[in-house]
file model15.cif (mmCIF, C-alpha atoms)
data_run
loop_
_atom_site.label_atom_id
_atom_site.label_comp_id
_atom_site.auth_asym_id
_atom_site.auth_seq_id
_atom_site.Cartn_x
_atom_site.Cartn_y
_atom_site.Cartn_z
CA MET A 1 47.53 -53.23 60.36
CA ALA A 2 48.12 -50.19 62.46
CA ARG A 3 51.55 -49.68 60.96
CA ALA A 4 50.08 -49.96 57.51
CA SER A 5 47.49 -47.33 58.33
CA THR A 6 49.94 -44.98 60.00
CA THR A 7 52.52 -44.95 57.23
CA PRO A 8 50.41 -42.96 54.74
CA THR A 9 50.32 -39.99 57.11
CA SER A 10 53.81 -38.84 56.42
CA THR A 11 53.25 -39.10 52.70
CA SER A 12 51.19 -36.54 50.91
CA PRO A 13 47.59 -37.58 50.29
CA ILE A 14 46.97 -39.68 47.26
CA GLU A 15 45.25 -37.98 44.38
CA GLY A 16 41.56 -38.70 44.37
CA ALA A 17 41.30 -38.83 48.13
CA THR A 18 39.30 -36.28 49.98
CA VAL A 19 41.45 -33.39 51.06
CA VAL A 20 40.56 -30.31 52.99
CA GLY A 21 43.27 -27.90 52.04
CA PRO A 22 45.04 -25.50 54.36
CA GLY A 23 42.99 -22.56 53.09
CA ILE A 24 39.65 -24.23 53.66
CA ARG A 25 37.41 -24.16 56.67
CA ILE A 26 34.38 -26.42 56.99
CA SER A 27 31.89 -25.93 59.76
CA GLY A 28 29.23 -28.58 59.96
CA ARG A 29 28.94 -32.30 59.58
CA VAL A 30 31.22 -34.36 57.39
CA THR A 31 30.33 -37.97 56.66
CA GLY A 32 31.81 -40.41 54.23
CA GLU A 33 33.20 -43.79 53.40
CA GLU A 34 36.73 -42.92 52.40
CA ASP A 35 39.87 -41.38 53.76
CA LEU A 36 39.75 -37.75 54.73
CA HIS A 37 42.87 -35.63 54.92
CA VAL A 38 42.52 -32.45 56.89
CA GLU A 39 45.13 -29.80 56.27
CA GLY A 40 42.74 -26.95 56.93
CA ARG A 41 40.06 -26.79 59.56
CA ILE A 42 36.85 -28.68 60.27
CA ASP A 43 34.45 -27.65 63.02
CA GLY A 44 31.46 -29.77 63.90
CA ALA A 45 31.35 -33.51 63.46
CA ILE A 46 33.11 -36.10 61.37
CA GLN A 47 31.84 -39.60 60.65
CA LEU A 48 33.99 -41.81 58.48
CA SER A 49 34.03 -45.51 57.76
CA ASP A 50 37.68 -45.15 56.86
CA THR A 51 40.65 -43.19 58.10
CA LEU A 52 40.80 -39.58 59.21
CA PHE A 53 44.18 -37.96 58.75
CA VAL A 54 44.85 -34.68 60.46
CA ALA A 55 47.98 -33.32 58.87
CA PRO A 56 50.43 -30.96 60.56
CA GLY A 57 48.71 -27.60 60.54
CA GLY A 58 45.31 -29.23 60.27
CA ILE A 59 42.75 -28.42 62.92
CA VAL A 60 39.75 -30.54 63.76
CA ALA A 61 37.38 -29.18 66.39
CA ALA A 62 34.76 -31.86 66.15
CA GLU A 63 33.34 -35.06 67.47
CA VAL A 64 35.15 -37.67 65.44
CA GLU A 65 34.01 -41.16 64.56
CA ALA A 66 36.17 -43.14 62.19
CA HIS A 67 37.75 -46.49 61.62
CA ASN A 68 41.21 -45.08 62.14
CA VAL A 69 42.28 -41.67 63.29
CA VAL A 70 45.81 -40.51 62.59
CA VAL A 71 46.72 -37.17 64.07
CA SER A 72 49.73 -35.03 63.32
CA GLY A 73 47.91 -31.75 63.78
CA VAL A 74 45.39 -30.57 66.34
CA VAL A 75 42.16 -32.27 67.38
CA VAL A 76 39.79 -30.85 69.95
CA GLY A 77 36.87 -33.13 70.64
CA ASN A 78 36.05 -36.68 71.51
CA VAL A 79 37.52 -39.26 69.18
CA THR A 80 36.00 -42.67 68.64
CA ALA A 81 37.79 -45.15 66.45
CA ARG A 82 36.72 -48.67 65.70
CA ASP A 83 40.29 -49.72 65.17
CA CYS A 84 43.12 -47.44 66.11
CA VAL A 85 43.99 -43.91 67.14
CA THR A 86 47.50 -42.74 66.44
CA LEU A 87 49.02 -39.55 67.74
CA HIS A 88 52.23 -38.66 66.01
CA ALA A 89 54.91 -36.33 67.25
CA GLY A 90 53.63 -32.78 67.15
CA ALA A 91 50.02 -33.89 67.47
CA LYS A 92 47.77 -32.25 70.00
CA LEU A 93 44.55 -33.87 71.08
CA VAL A 94 42.18 -32.60 73.74
CA GLY A 95 39.23 -34.90 74.32
CA ASP A 96 38.30 -38.42 75.18
CA ILE A 97 39.56 -41.28 73.09
CA THR A 98 37.55 -44.44 72.67
CA ALA A 99 39.39 -47.05 70.67
CA PRO A 100 40.59 -50.63 71.09
CA ARG A 101 44.07 -49.50 70.16
CA LEU A 102 45.86 -46.27 70.92
CA VAL A 103 49.34 -45.26 69.87
CA ILE A 104 50.89 -42.11 71.27
CA ALA A 105 54.29 -41.21 69.92
CA ASP A 106 56.94 -39.26 71.74
CA GLY A 107 56.28 -35.54 71.28
CA ALA A 108 52.52 -35.85 71.07
CA ALA A 109 50.31 -33.91 73.47
CA PHE A 110 47.12 -35.43 74.77
CA LYS A 111 44.62 -34.47 77.45
CA GLY A 112 41.56 -36.55 78.10
CA ASN A 113 40.25 -39.94 79.04
CA VAL A 114 41.03 -43.14 77.25
CA ARG A 115 38.65 -46.04 76.93
CA MET A 116 39.99 -49.18 75.37
CA GLY A 117 37.48 -51.97 75.07
CA GLY A 118 34.94 -51.92 77.89
CA GLU A 119 31.85 -49.90 77.13
CA PRO A 120 30.14 -50.33 80.53
CA VAL A 121 32.75 -47.92 81.91
CA PRO A 122 31.18 -44.85 80.32
CA ALA A 123 27.80 -45.92 81.69
CA ARG A 124 29.20 -45.99 85.23
CA GLU A 125 30.84 -42.65 84.73
CA LYS A 126 27.60 -41.23 83.48
CA SER A 127 25.87 -42.49 86.62
CA ARG A 128 28.60 -40.89 88.69
CA THR A 129 28.28 -37.63 86.88
CA ALA A 130 24.52 -37.86 87.19
CA ALA A 131 24.86 -38.40 90.92
CA ARG A 132 26.97 -35.28 91.33
CA PRO A 133 24.28 -32.78 90.43
CA ARG A 134 21.99 -34.18 93.11
CA PRO A 135 23.89 -32.65 96.02
CA VAL A 136 24.04 -29.50 93.96
CA ALA A 137 20.28 -29.60 93.74
CA ALA A 138 20.12 -30.16 97.50
CA VAL A 139 22.34 -27.15 97.99
CA ARG A 140 20.08 -25.15 95.74
CA ALA A 141 17.05 -26.37 97.67
CA ALA A 142 18.64 -25.42 100.96
CA PRO A 143 18.71 -21.66 100.40
CA ARG A 144 15.01 -21.69 99.56
CA PRO A 145 13.98 -22.42 103.16
CA SER A 146 16.49 -19.78 104.19
CA ALA A 147 14.63 -17.28 102.03
CA PRO A 148 11.39 -17.64 104.04
CA ALA A 149 13.56 -17.64 107.15
CA ARG A 150 14.77 -14.22 106.05
CA ALA A 151 11.18 -13.26 105.46
CA GLU A 152 10.39 -14.31 109.02
CA ARG A 153 13.23 -12.28 110.39
CA PRO A 154 11.59 -8.91 109.75
CA VAL A 155 8.50 -10.26 111.46
CA GLU A 156 10.61 -11.15 114.43
CA ARG A 157 12.11 -7.71 114.30
CA ALA A 158 8.62 -6.28 114.19
CA GLU A 159 7.74 -8.35 117.23
CA ARG A 160 10.85 -7.12 118.92
CA ARG A 161 9.83 -3.54 118.23
CA PRO A 162 6.65 -3.56 120.29
CA PRO A 163 8.54 -4.14 123.54
CA PRO A 164 10.50 -0.95 122.95
CA PRO A 165 7.21 1.08 122.83
CA ARG A 166 7.09 0.81 126.62
CA PRO A 167 9.98 3.23 126.86
CA ARG A 168 8.26 5.36 124.24
CA PRO A 169 6.20 7.47 126.62
CA ALA A 170 9.27 8.09 128.69
CA ALA A 171 11.55 8.42 125.75
CA ALA A 172 9.13 10.33 123.53
CA PRO A 173 9.22 13.63 125.39
CA ALA A 174 12.94 13.62 125.59
CA PRO A 175 13.46 13.09 121.86
CA ALA A 176 10.65 15.59 121.23
CA GLU A 177 12.82 18.25 122.84
CA ARG A 178 15.71 17.11 120.76
CA ASN A 179 13.53 16.98 117.68
CA GLU A 180 12.47 20.57 118.08
CA ASP A 181 16.00 21.48 117.35
CA GLU A 182 16.67 18.72 114.91
CA ASP A 183 13.28 18.59 113.20
CA THR A 184 13.10 22.29 112.57
CA VAL A 185 15.48 21.57 109.82
CA ILE A 186 14.15 18.17 108.88
CA VAL A 187 10.42 18.87 109.04
CA ARG A 188 10.57 22.03 106.98
CA HIS A 189 12.03 20.06 104.16
CA ALA A 190 9.49 17.33 104.61
CA ALA A 191 6.47 19.60 105.16
CA VAL A 192 6.84 21.85 102.15
CA PRO A 193 6.66 19.14 99.51
CA ASP A 194 3.96 17.22 101.42
CA ASP A 195 1.41 19.93 102.05
CA GLY A 196 2.49 22.27 99.31
CA LYS A 197 0.84 25.75 99.36
CA PRO A 198 -0.41 26.41 102.90
CA SER A 199 2.57 26.99 105.04
CA ALA A 200 0.54 27.30 108.30
CA ARG A 201 -0.97 23.84 107.79
CA ALA A 202 2.47 22.69 106.99
CA GLY A 203 3.53 23.79 110.41
CA LYS A 204 0.55 22.03 112.03
CA SER A 205 1.03 18.92 110.00
CA ALA A 206 4.67 19.20 110.71
CA ASP A 207 3.80 19.13 114.39
CA ARG A 208 1.65 16.10 113.73
CA GLU A 209 4.38 14.48 111.82
CA LYS A 210 6.85 15.18 114.51
CA PRO A 211 5.56 12.62 116.95
CA GLU A 212 5.33 10.06 114.20
CA LYS A 213 8.87 10.66 113.19
CA VAL A 214 9.78 10.95 116.78
CA ALA A 215 8.07 7.66 117.40
CA ALA A 216 9.85 6.19 114.45
CA SER A 217 13.07 7.55 115.70
CA ALA A 218 12.08 6.63 119.24
CA ARG A 219 11.58 2.98 118.37
CA PRO A 220 15.25 2.37 118.03
CA ARG A 221 15.80 4.40 121.18
CA PRO A 222 14.29 2.22 123.81
CA GLY A 223 17.46 2.22 125.85
CA ALA A 224 19.59 4.92 127.28
CA ALA A 225 21.23 7.73 125.34
CA ALA A 226 24.40 5.65 125.19
CA THR A 227 22.65 3.19 122.88
CA ASP A 228 21.61 5.95 120.49
CA LYS A 229 24.70 5.55 118.41
CA LYS A 230 24.08 1.84 118.02
CA LEU A 231 20.42 2.24 117.26
CA PRO A 232 20.36 4.07 113.94
CA PRO A 233 21.93 1.05 112.29
CA ARG A 234 19.03 -1.02 113.65
CA ALA A 235 16.59 1.36 112.05
CA ARG A 236 18.46 1.03 108.81
CA ILE A 237 18.71 -2.72 108.87
CA PRO A 238 14.97 -3.47 108.81
CA LYS A 239 14.47 -1.26 105.77
CA PRO A 240 16.53 -3.43 103.45
CA GLY A 241 14.79 -6.37 105.11
CA LYS A 242 11.41 -5.01 104.11
CA ARG A 243 12.70 -4.31 100.65
CA ARG A 244 13.97 -7.84 100.34
CA VAL A 245 10.59 -9.18 101.38
CA GLY A 246 8.89 -6.90 98.93
CA ARG A 247 11.18 -7.98 96.13
CA ARG A 248 10.64 -11.65 96.79
CA MET X 1 48.68 -25.00 46.90
CA ALA X 2 47.00 -28.31 47.30
CA ASN X 3 43.50 -28.47 46.02
CA THR X 4 40.73 -29.29 48.37
CA VAL X 5 38.86 -32.33 47.19
CA ILE X 6 35.56 -33.59 48.52
CA GLY X 7 35.54 -37.26 47.63
CA SER X 8 32.62 -39.04 46.02
CA SER X 9 31.51 -40.77 49.22
CA ILE X 10 31.82 -37.68 51.38
CA VAL X 11 28.79 -35.74 52.57
CA ILE X 12 29.32 -32.36 54.13
CA ASP X 13 26.39 -30.70 55.80
CA GLY X 14 27.39 -27.24 56.83
CA GLU X 15 29.53 -24.41 55.63
CA ILE X 16 32.72 -24.35 53.64
CA THR X 17 34.79 -21.20 53.57
CA GLY X 18 38.26 -20.53 52.36
CA ASP X 19 40.56 -19.16 49.74
CA GLU X 20 41.67 -22.06 47.63
CA ASP X 21 40.27 -24.22 44.86
CA LEU X 22 37.57 -26.70 45.74
CA VAL X 23 36.80 -29.87 43.82
CA VAL X 24 33.49 -31.46 44.68
CA ARG X 25 33.00 -35.11 43.83
CA GLY X 26 30.74 -35.84 46.77
CA THR X 27 27.86 -33.97 48.33
CA VAL X 28 27.95 -30.58 49.98
CA LYS X 29 24.87 -29.13 51.63
CA GLY X 30 24.64 -25.76 53.23
CA ARG X 31 26.79 -22.87 52.10
CA VAL X 32 30.02 -22.53 50.18
CA SER X 33 31.99 -19.32 50.23
CA LEU X 34 35.29 -19.21 48.42
CA ARG X 35 37.46 -16.62 46.75
CA GLU X 36 38.81 -19.10 44.23
CA ASN X 37 37.49 -21.73 41.84
CA ILE X 38 34.92 -24.43 42.41
CA PHE X 39 34.76 -27.53 40.26
CA VAL X 40 31.71 -29.67 40.62
CA GLU X 41 32.59 -32.91 38.89
CA ASP X 42 30.26 -35.48 37.38
CA THR X 43 29.55 -37.19 40.67
CA GLY X 44 29.47 -33.96 42.63
CA VAL X 45 26.29 -32.60 44.17
CA LEU X 46 26.07 -29.10 45.56
CA GLU X 47 22.93 -28.31 47.50
CA ALA X 48 24.07 -24.96 48.67
CA ASN X 49 24.21 -21.29 48.03
CA VAL X 50 27.58 -20.61 46.48
CA GLU X 51 29.78 -17.58 46.55
CA THR X 52 32.98 -17.88 44.59
CA ALA X 53 35.18 -16.36 41.93
CA THR X 54 34.48 -19.00 39.31
CA ILE X 55 32.45 -22.17 39.26
CA THR X 56 32.53 -24.97 36.74
CA VAL X 57 29.71 -27.45 36.95
CA HIS X 58 29.76 -30.92 35.47
CA GLY X 59 27.49 -32.42 38.09
CA ARG X 60 24.48 -31.05 39.92
CA VAL X 61 23.98 -27.79 41.73
CA THR X 62 20.84 -26.82 43.59
CA GLY X 63 21.06 -23.34 44.99
CA ASP X 64 21.93 -19.82 44.08
CA ILE X 65 25.30 -19.19 42.52
CA HIS X 66 27.14 -15.92 42.88
CA ALA X 67 30.35 -16.00 40.91
CA THR X 68 32.32 -12.78 40.84
CA GLU X 69 34.12 -13.79 37.63
CA ARG X 70 32.57 -16.68 35.76
CA ALA X 71 29.97 -19.41 35.98
CA GLU X 72 30.29 -22.24 33.54
CA LEU X 73 27.69 -24.95 33.08
CA LYS X 74 29.10 -27.92 31.20
CA SER X 75 27.10 -30.41 29.21
CA ASN X 76 25.19 -32.99 31.21
CA CYS X 77 25.15 -30.75 34.27
CA ARG X 78 21.95 -29.89 36.10
CA VAL X 79 21.63 -26.55 37.82
CA VAL X 80 18.57 -25.30 39.65
CA GLY X 81 18.87 -21.82 41.08
CA ASP X 82 19.69 -18.27 40.21
CA ILE X 83 23.05 -17.39 38.72
CA ARG X 84 24.60 -14.01 39.28
CA SER X 85 27.84 -13.52 37.46
CA PRO X 86 29.30 -11.15 34.83
CA ARG X 87 30.13 -14.12 32.59
CA VAL X 88 27.81 -17.07 32.28
CA LEU X 89 28.62 -19.93 29.95
CA ILE X 90 26.06 -22.62 29.30
CA ALA X 91 27.16 -25.52 27.13
CA ASP X 92 24.96 -27.49 24.84
CA GLY X 93 23.26 -30.26 26.76
CA ALA X 94 23.32 -28.47 30.07
CA SER X 95 20.15 -28.36 32.12
CA PHE X 96 19.39 -25.14 33.87
CA LYS X 97 16.38 -23.77 35.68
CA GLY X 98 16.48 -20.35 37.21
CA THR X 99 17.34 -16.78 36.42
CA VAL X 100 20.56 -15.30 35.16
CA ASP X 101 21.82 -11.91 36.23
CA MET X 102 24.92 -10.76 34.43
CA ASP X 103 24.92 -7.24 35.80
CA ALA X 104 26.96 -8.09 38.83
#

call {"tool": "encode", "arguments": {"input": "model15.cif", "output": "structure tokens"}}
result
Amino acid sequence: MARASTTPTSTSPIEGATVVGPGIRISGRVTGEEDLHVEGRIDGAIQLSDTLFVAPGGIVAAEVEAHNVVVSGVVVGNVTARDCVTLHAGAKLVGDITAPRLVIADGAAFKGNVRMGGEPVPAREKSRTAARPRPVAAVRAAPRPSAPARAERPVERAERRPPPPRPRPAAAPAPAERNEDEDTVIVRHAAVPDDGKPSARAGKSADREKPEKVAASARPRPGAAATDKKLPPRARIPKPGKRRVGRR
Amino acid sequence: MANTVIGSSIVIDGEITGDEDLVVRGTVKGRVSLRENIFVEDTGVLEANVETATITVHGRVTGDIHATERAELKSNCRVVGDIRSPRVLIADGASFKGTVDMDA
């Protein structure tokens, strides 16, 4: 039977049969109860109660269901045949084949799974594939607790900050001296836009702002002067942390 | 060039494009866009908007027809839809409902 069905492939399609010529492209669903010769291209789905012929040069990018499928061209998609699937030399098929009989000739290219007979196999594979996403979901769930953990981190950092205040009184005067030199540049820039017109108030407010900024700068400077270089990064790190919390 | 033939038991739901003759003996739903000739035979059913050079209808067409050269409705055909073509031929016995625009 298979030989009888495969022989017509090499011959040109009989007149009266359905032919999709080389210059034709069909995108959609093709159903029928007769042979279909594809010399052009069909995208979508094909359901036939007879034989699908994919001629050399023919391209089928579709889910195929047919009684027989005879391929000399290119098929991309799952192929289900109630009787036989035949891949001739030069054929290319990418997809899963479900058929009781499968013939692959020398020179044919095929990539995919083959199921001959047992249908419970796909059910098991589906269960396997369904089981795979579960760990993925667990992985996805895992980072969620880490997100609140990140949210807690800034709190911990905030708790860690208060201990440094103890050195503040000692450290504050020292940075204040430094800040007089440093802040003269920094505060002027900050004071002018903040207070605007009155420059004298700007100076007073600048003085007021100094200790705040000093305190802010002093927080990361609980330790000795040697740690100063390491501290600025600490001051920078919590900022993105706060931003992250604010974003989430 | 081999003609493309849609057999009498074939149903296509979708879009057909190309540049060769198309013979419809089955059913085509959706859209047909060709640069050549379409023949809808007695058993053929086109439920689609059609763009083509020429179309010859013996069967049934439901949808707008835009033929850049000629649209020919044979006797016993049934066409529902608008026809836009410079040459429109309607044979005696043909059934047609719609508008004809021969300006294009």

call {"tool": "resolve_selection", "arguments": {"input": "model15.cif", "expression": "the PyMOL selection byres ((chain A) within 10 of (chain X))", "output": "ChimeraX atom specification"}}
result
/A:12-13,15-48

call {"tool": "resolve_selection", "arguments": {"input": "model15.cif", "expression": "the PyMOL selection byres ((chain X and resi 86-92) around 9)", "output": "PyMOL selection string"}}
result
chain X and resi 67-76+83-85+93-96+100-104

call {"tool": "atom_distance", "arguments": {"input": "model15.cif", "atom1": "CA of Gly117 (chain A)", "atom2": "CA of Val103 (chain A)"}}
result
14.6 Å

call {"tool": "axis_aligned_box", "arguments": {"input": "model15.cif", "around": "region 76-94 of chain A", "padding_each_side": "3 Å", "output": "lines of an AutoDock Vina configuration file"}}
result
center_x = 45.5
center_y = -40.3
center_z = 69.5
size_x = 24.9
size_y = 24.9
size_z = 14.6

call {"tool": "atom_distance", "arguments": {"input": "model15.cif", "atom1": "CA of Glu47 (chain X)", "atom2": "CA of Asn68 (chain A)"}}
result
28.8 Å

call {"tool": "resolve_selection", "arguments": {"input": "model15.cif", "expression": "the PyMOL selection byres ((chain A and resi 64) around 9)", "output": "list in words"}}
result
Gly44, Ala45, Ile46, Gln47, Leu48, Leu52, Val60, Ala61, Ala62, Glu63, Glu65, Ala66, Val69, Gly77, Asn78, Val79, Thr80 and Ala81 of chain A

call {"tool": "write_last_selection", "arguments": {"input": "model15.cif", "atoms": "C-alpha atoms", "output": "CSV table (one decimal), in the coordinates of the input"}}
result
chain,number,residue,atom,x,y,z
A,44,GLY,CA,31.5,-29.8,63.9
A,45,ALA,CA,31.4,-33.5,63.5
A,46,ILE,CA,33.1,-36.1,61.4
A,47,GLN,CA,31.8,-39.6,60.6
A,48,LEU,CA,34.0,-41.8,58.5
A,52,LEU,CA,40.8,-39.6,59.2
A,60,VAL,CA,39.8,-30.5,63.8
A,61,ALA,CA,37.4,-29.2,66.4
A,62,ALA,CA,34.8,-31.9,66.2
A,63,GLU,CA,33.3,-35.1,67.5
A,65,GLU,CA,34.0,-41.2,64.6
A,66,ALA,CA,36.2,-43.1,62.2
A,69,VAL,CA,42.3,-41.7,63.3
A,77,GLY,CA,36.9,-33.1,70.6
A,78,ASN,CA,36.0,-36.7,71.5
A,79,VAL,CA,37.5,-39.3,69.2
A,80,THR,CA,36.0,-42.7,68.6
A,81,ALA,CA,37.8,-45.2,66.4

call {"tool": "atom_distance", "arguments": {"input": "model15.cif", "atom1": "CA of Ser49 (chain A)", "atom2": "CA of Val94 (chain A)"}}
result
22.1 Å

call {"tool": "closest_residue", "arguments": {"input": "model15.cif", "among": "X:Glu41, X:Arg78, X:Ala48, X:Arg35", "to": "Arg60 (chain X)", "atoms": "all atoms listed in the file"}}
result
X:Arg78

call {"tool": "residues_around", "arguments": {"input": "model15.cif", "residues": "Arg115 (chain A)", "least_positions_apart": "5", "cutoff": "7 Å", "atoms": "only C-alpha atoms", "output": "PDB file with C-alpha atoms, keeping the file's coordinate frame"}}
result
ATOM      1  CA  ILE A  97      39.560 -41.280  73.090  1.00  0.00           C
ATOM      2  CA  THR A  98      37.550 -44.440  72.670  1.00  0.00           C
ATOM      3  CA  ALA A  99      39.390 -47.050  70.670  1.00  0.00           C
TER       4      ALA A  99
END

call {"tool": "residues_near_point", "arguments": {"input": "model15.cif", "point": "(49.9, -41.5, 65.0)", "cutoff": "9 Å", "atoms": "only C-alpha atoms", "output": "ChimeraX atom specification"}}
result
/A:6-7,9,69-72,85-89,91,102-105,108

call {"tool": "closest_residue", "arguments": {"input": "model15.cif", "among": "X:Phe39, X:Lys97, X:Gly44, X:Val80", "to": "Gly59 (chain X)", "atoms": "all atoms listed in the file"}}
result
X:Gly44
